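Novice: Questions regarding the structure given below will be posed in turn.
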Amino acid sequence: MVTDQLTTAPSTTPAWVSVRNGTGLAVLLLYALMPGIADIFDLPFYLDIFSRVMILTIAAISLNFILGFGGMVSFGHAAYLGLGAYAVGILAYYDIYSGWIQWPVGLAVSALFALVTGAICLRTKGVYFIMITLAFTQMIHFLFVSLEEFGGDDGLTIWNRSEFDGLIDLSNDLTLYYTIFVILVLSLALVHRLVNSRFGMVIQGARSNEPRMRALGFPTYRYRLAAYVIAGSLCGLAGILLGNDTEFVSPSDMHWTKSGDLIIIVVLGGMGTFWGPLFGALAFLLLEFFLSDIFIWWHLIFGPLLILVVIFARGGIDSFLGQQNGQGR
Amino acid sequence: MNEVILRVRDLVKHFDGVTATDSLSLEVLKGEVHAIIGPNGAGKTTLINQLSGVFLPDSGTIKFKDADITALPGFKRVHLGLARSFQITSIFKNFTVRENVALAIQSHAGHSFKFWRPARNDSQLTEPAQALLERIELGDRGDVLAGNLAHGEQRQLEIAMALAGDPEVILLDEPMAGMGGEDSDRMVQFLSSFKGRHTLLLIEHDMDAVFALADRITVLVYGRVIATGTPAEIRSNEEVRQAYLGEDEAA
């Protein structure tokens with residue numbers, strides 16, 4: 001769990017007990033109890049909404065790893081959502097339903113795409129990096145638009161979810177929901193371990209000051225590329241879940257606006273924080289839900305709101321929950 | 001003491017038609033404090049950047065301990081024993097003082113493709129980090145965020161990070177930058193404690209510090225070496241007085 005290093009206060013409460021962690025755990029508890037809540041209030045579509053939010057959260061966790069902790073502002077992260085979902089969809093199209101094949105293929109394709117594009121993108125910096133990540137994702141987006149065999153623009157229906165014979169039955173909505181939940185929790189833990197490891201220290205150091213890291217003797221490029229590949233794979237996993245959850249995949253899953261949504265979620269939640277993606281994704285959903293209910297041009301409100309967050313609360317929602325503990329502690 | 005540890009020969013670097021380094025040759029002897037002085041724009045930092053591999057020279061060679069490192073990537077030079085500090089303080093302000101030093105030590109503790117164990121309580125990093133902090137007299141400041149240190153302490157930490165890995169040669173780019181009298185004096189003391197353990201190539205504007213520390217001085221004007229010698233020789237060199245020291249005294 002997140003531990004706060006502000007341990008100077010002479011209190012007996014463990015350092016990880018804080019408003020921030022309490023809020024984070026409360027959100028996780030809400031997700032865990034959502035099937036029951038949806039059942040009691042007879043709102044089955046809540047299950048759909050929240051499984052979608054959790055998938056978005058996993059994608060945001062992966063983006064937060066490279067953007068928040070690594071300073072790599074990828075404007076093409078949705079590519080991996082699409083690649084993961086298409087791996088499931090295309091294999092299913094050829095009647096290969098085994099999750100033991102679909103999931104490793106989805107992860108491998110995402111990792112490979114991240115490796116090849118990252119090797120090029122990471123030679124650039126700043127705005128150039130943003131634009132080139134966007135360009136690669138647009139390329140892959142239009143590639144799938146042009147693939148008529150797999151539905152082109154109209155997308156591809158996935159008739160059966162991934163099969164893990166004998167292990168779990170994802171065709172059951174509740175089972176899929178809790179599978180997503182568990183993967184979400186594991187993703188949070190994974191990234192937490194990563195950013196605090198030796199590897200993570202190099203990634204964070206390279207965000208603050210790459211020339212200094214090289215002057216200390218770190219070959220920063222290969223570490224950043226490794227981080228980029230890890231993030232791409234994790235987002236590919238989110239895509240695999242997305243394909244299973246919606247039982248449909250289309251090029252719009254990797255549209256640039258989806259990449260933008262992920263950046264918004266990370267910024268809104270608090271870049272480079274442990275809980276940020278969780279808070280950001282939930283807030284994004286609630287804002288979209290309520291604003292779009294009262295006002296069809298809800299983006300008109302949402303945009304300025306986001307600008308206010310960037311100007312007045314650089315740490316995002318996370319910064320409202322007590323003093324910044326920074327660096328993912 | 002007479003062994004040449006760093007040998008620069010006919011180094012040339014142009015930037016958009018400006019010759020920043022002009023057929024520069026230089027020999028740094030093992031164990032000495034070698035200062036490089038010169039007016040603004042003389043190409044001092046440009047020289048350090050080429051020696052540390054930030055960018056490559058257009059022509060010429062750099063030899064370090066008999067190995068030609070002219071085209072070697074900067075991060076590899078560090079592992080040969082050629083470290084540097086920066087004129088603009090380049091510490092990691094969001095990290096604590098100890099984390100800053102531990103990161104520097106981590107660079108010399110094998111590769112960092114270690115994804116699982118928390119680095120912050122890795123005694124293989126924190127113990128040498130604490131030892132280094134004791135050496136630079138920041139032993140009790142380990143848990144302070146580096147950004148919250150006083151300016152003088154930040155400069156000390158900046159240099160301490162170059163010390164990890166016990167480099168043979170340290171390139172110091174204006175260690176006294178932005179310092180007042182008292183801080184400067186402390187820094188001079190701090191740097192003199194390096195004598196015998198590290199060879200220093202020092203760029204500095206603070207002439208009192210240079211003459212207090214340096215065994216030899218090289219004077220750079222418009223990217224060219226106009227003189228090299230002991231402090232006494234440099235002080236009495238007519239060309240140097242005209243080009244540089246004269247201005248300084250008048251100012």
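Convention: chains lettered A, B, ... in structure tokens order; per-chain residue numbering from 1; ligands numbered from 1 as shown.
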I need the chain B residues near chain A as a ChimeraX atom specification; criterion: at most 8 Å, counting only C-alpha atoms.
Specialist: /B:52,54,74-79,83-84,90-92,94-95,103-104,106-108,112-120,161-162
Novice: List as a list of chain:residue names the protein and nucleic acid residues near segment 263-269 of chain A, meaning an atom at most 7 Å away when only C-alpha atoms are counted, but skip any in the same chain fewer than 3 places from it.
Specialist: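 The residues that qualify are A:Ala60, A:Asn64, A:Ser259, A:Gly260, A:Gly276, A:Pro277, A:Phe279, A:Gly280, A:Ala281, A:Phe284, A:Val309, A:Gly316, A:Ile317, A:Asp318.
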Novice: If we count only C-alpha atoms and set the cut-off at 7 Å, which residues sit around Thr228 of chain B, ignoring sequence neighbours fewer than 2 positions away in its own chain? Please answer as number ranges by chain.
Specialist: B: 217-219
Novice: Find the residues near segment 7-20 of chain B: any atom within 8 Å, counting only C-alpha atoms, skip ones fewer than 4 places away on the same chain, and give them as a list in words.
Specialist: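 The filter keeps Leu24, Ser25, Leu26, Glu27, Val28, Gly41, Ala42, Gly43, Thr46, Pro57, Asp58, Ser59, Gly60, Thr61, Ile62, Lys63, Phe64, Tyr222 and Gly223 of chain B.
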Novice: May I have the residues within 10 Å of Tyr31 of chain A as a VMD selection string, using only C-alpha atoms and disregarding those fewer than 2 positions away in the same chain?
Specialist: chain A and resid 25 to 29 33 to 37 47 50 to 51 53 to 54 177 to 178 181
Novice: Filtering to N, CA, C and O atoms, could you give me those residues as a compact mmCIF listing (two decimals), in the first residue's frame?
Specialist:
```
# COMPACT_ATOMS: atom_id res chain seq x y z
N LEU A 25 -9.38 3.24 -1.08
CA LEU A 25 -9.93 1.93 -0.70
C LEU A 25 -11.46 1.95 -0.77
O LEU A 25 -12.08 0.95 -1.14
N ALA A 26 -12.05 3.11 -0.43
CA ALA A 26 -13.51 3.23 -0.50
C ALA A 26 -14.00 3.06 -1.93
O ALA A 26 -15.02 2.40 -2.19
N VAL A 27 -13.26 3.64 -2.88
CA VAL A 27 -13.64 3.50 -4.29
C VAL A 27 -13.55 2.03 -4.71
O VAL A 27 -14.45 1.49 -5.37
N LEU A 28 -12.46 1.38 -4.28
CA LEU A 28 -12.31 -0.04 -4.62
C LEU A 28 -13.45 -0.87 -4.00
O LEU A 28 -13.99 -1.78 -4.63
N LEU A 29 -13.80 -0.51 -2.76
CA LEU A 29 -14.89 -1.21 -2.08
C LEU A 29 -16.20 -1.02 -2.83
O LEU A 29 -16.99 -1.96 -3.02
N LEU A 33 -18.53 -3.91 -4.41
CA LEU A 33 -19.93 -4.13 -3.99
C LEU A 33 -20.94 -3.79 -5.08
O LEU A 33 -22.13 -4.04 -4.91
N MET A 34 -20.43 -3.21 -6.18
CA MET A 34 -21.36 -2.72 -7.21
C MET A 34 -22.34 -3.77 -7.72
O MET A 34 -23.54 -3.46 -7.90
N PRO A 35 -21.91 -5.01 -7.96
CA PRO A 35 -22.88 -6.00 -8.44
C PRO A 35 -24.06 -6.14 -7.48
O PRO A 35 -25.22 -6.22 -7.90
N GLY A 36 -23.77 -6.15 -6.17
CA GLY A 36 -24.83 -6.23 -5.18
C GLY A 36 -25.74 -5.01 -5.23
O GLY A 36 -26.97 -5.12 -5.20
N ILE A 37 -25.12 -3.84 -5.30
CA ILE A 37 -25.89 -2.59 -5.35
C ILE A 37 -26.79 -2.58 -6.58
O ILE A 37 -27.98 -2.27 -6.51
N LEU A 47 -23.62 -2.41 -13.89
CA LEU A 47 -22.53 -3.37 -14.01
C LEU A 47 -21.71 -3.08 -15.27
O LEU A 47 -20.48 -3.12 -15.26
N PHE A 50 -19.72 0.24 -14.79
CA PHE A 50 -18.57 0.17 -13.91
C PHE A 50 -17.49 -0.80 -14.40
O PHE A 50 -16.31 -0.60 -14.12
N SER A 51 -17.88 -1.81 -15.15
CA SER A 51 -16.81 -2.63 -15.73
C SER A 51 -16.06 -1.80 -16.77
O SER A 51 -14.84 -1.91 -16.90
N VAL A 53 -15.64 1.48 -16.60
CA VAL A 53 -14.79 2.41 -15.85
C VAL A 53 -13.53 1.71 -15.35
O VAL A 53 -12.43 2.27 -15.41
N MET A 54 -13.69 0.48 -14.90
CA MET A 54 -12.52 -0.23 -14.39
C MET A 54 -11.50 -0.52 -15.50
O MET A 54 -10.30 -0.43 -15.28
N TYR A 177 -16.87 -9.35 -14.54
CA TYR A 177 -16.77 -8.13 -13.73
C TYR A 177 -15.68 -8.26 -12.67
O TYR A 177 -14.82 -7.40 -12.53
N TYR A 178 -15.73 -9.39 -11.95
CA TYR A 178 -14.74 -9.56 -10.87
C TYR A 178 -13.35 -9.87 -11.42
O TYR A 178 -12.33 -9.55 -10.77
N PHE A 181 -12.06 -6.51 -11.99
CA PHE A 181 -11.75 -5.89 -10.70
C PHE A 181 -10.40 -6.37 -10.16
O PHE A 181 -9.57 -5.57 -9.72
```
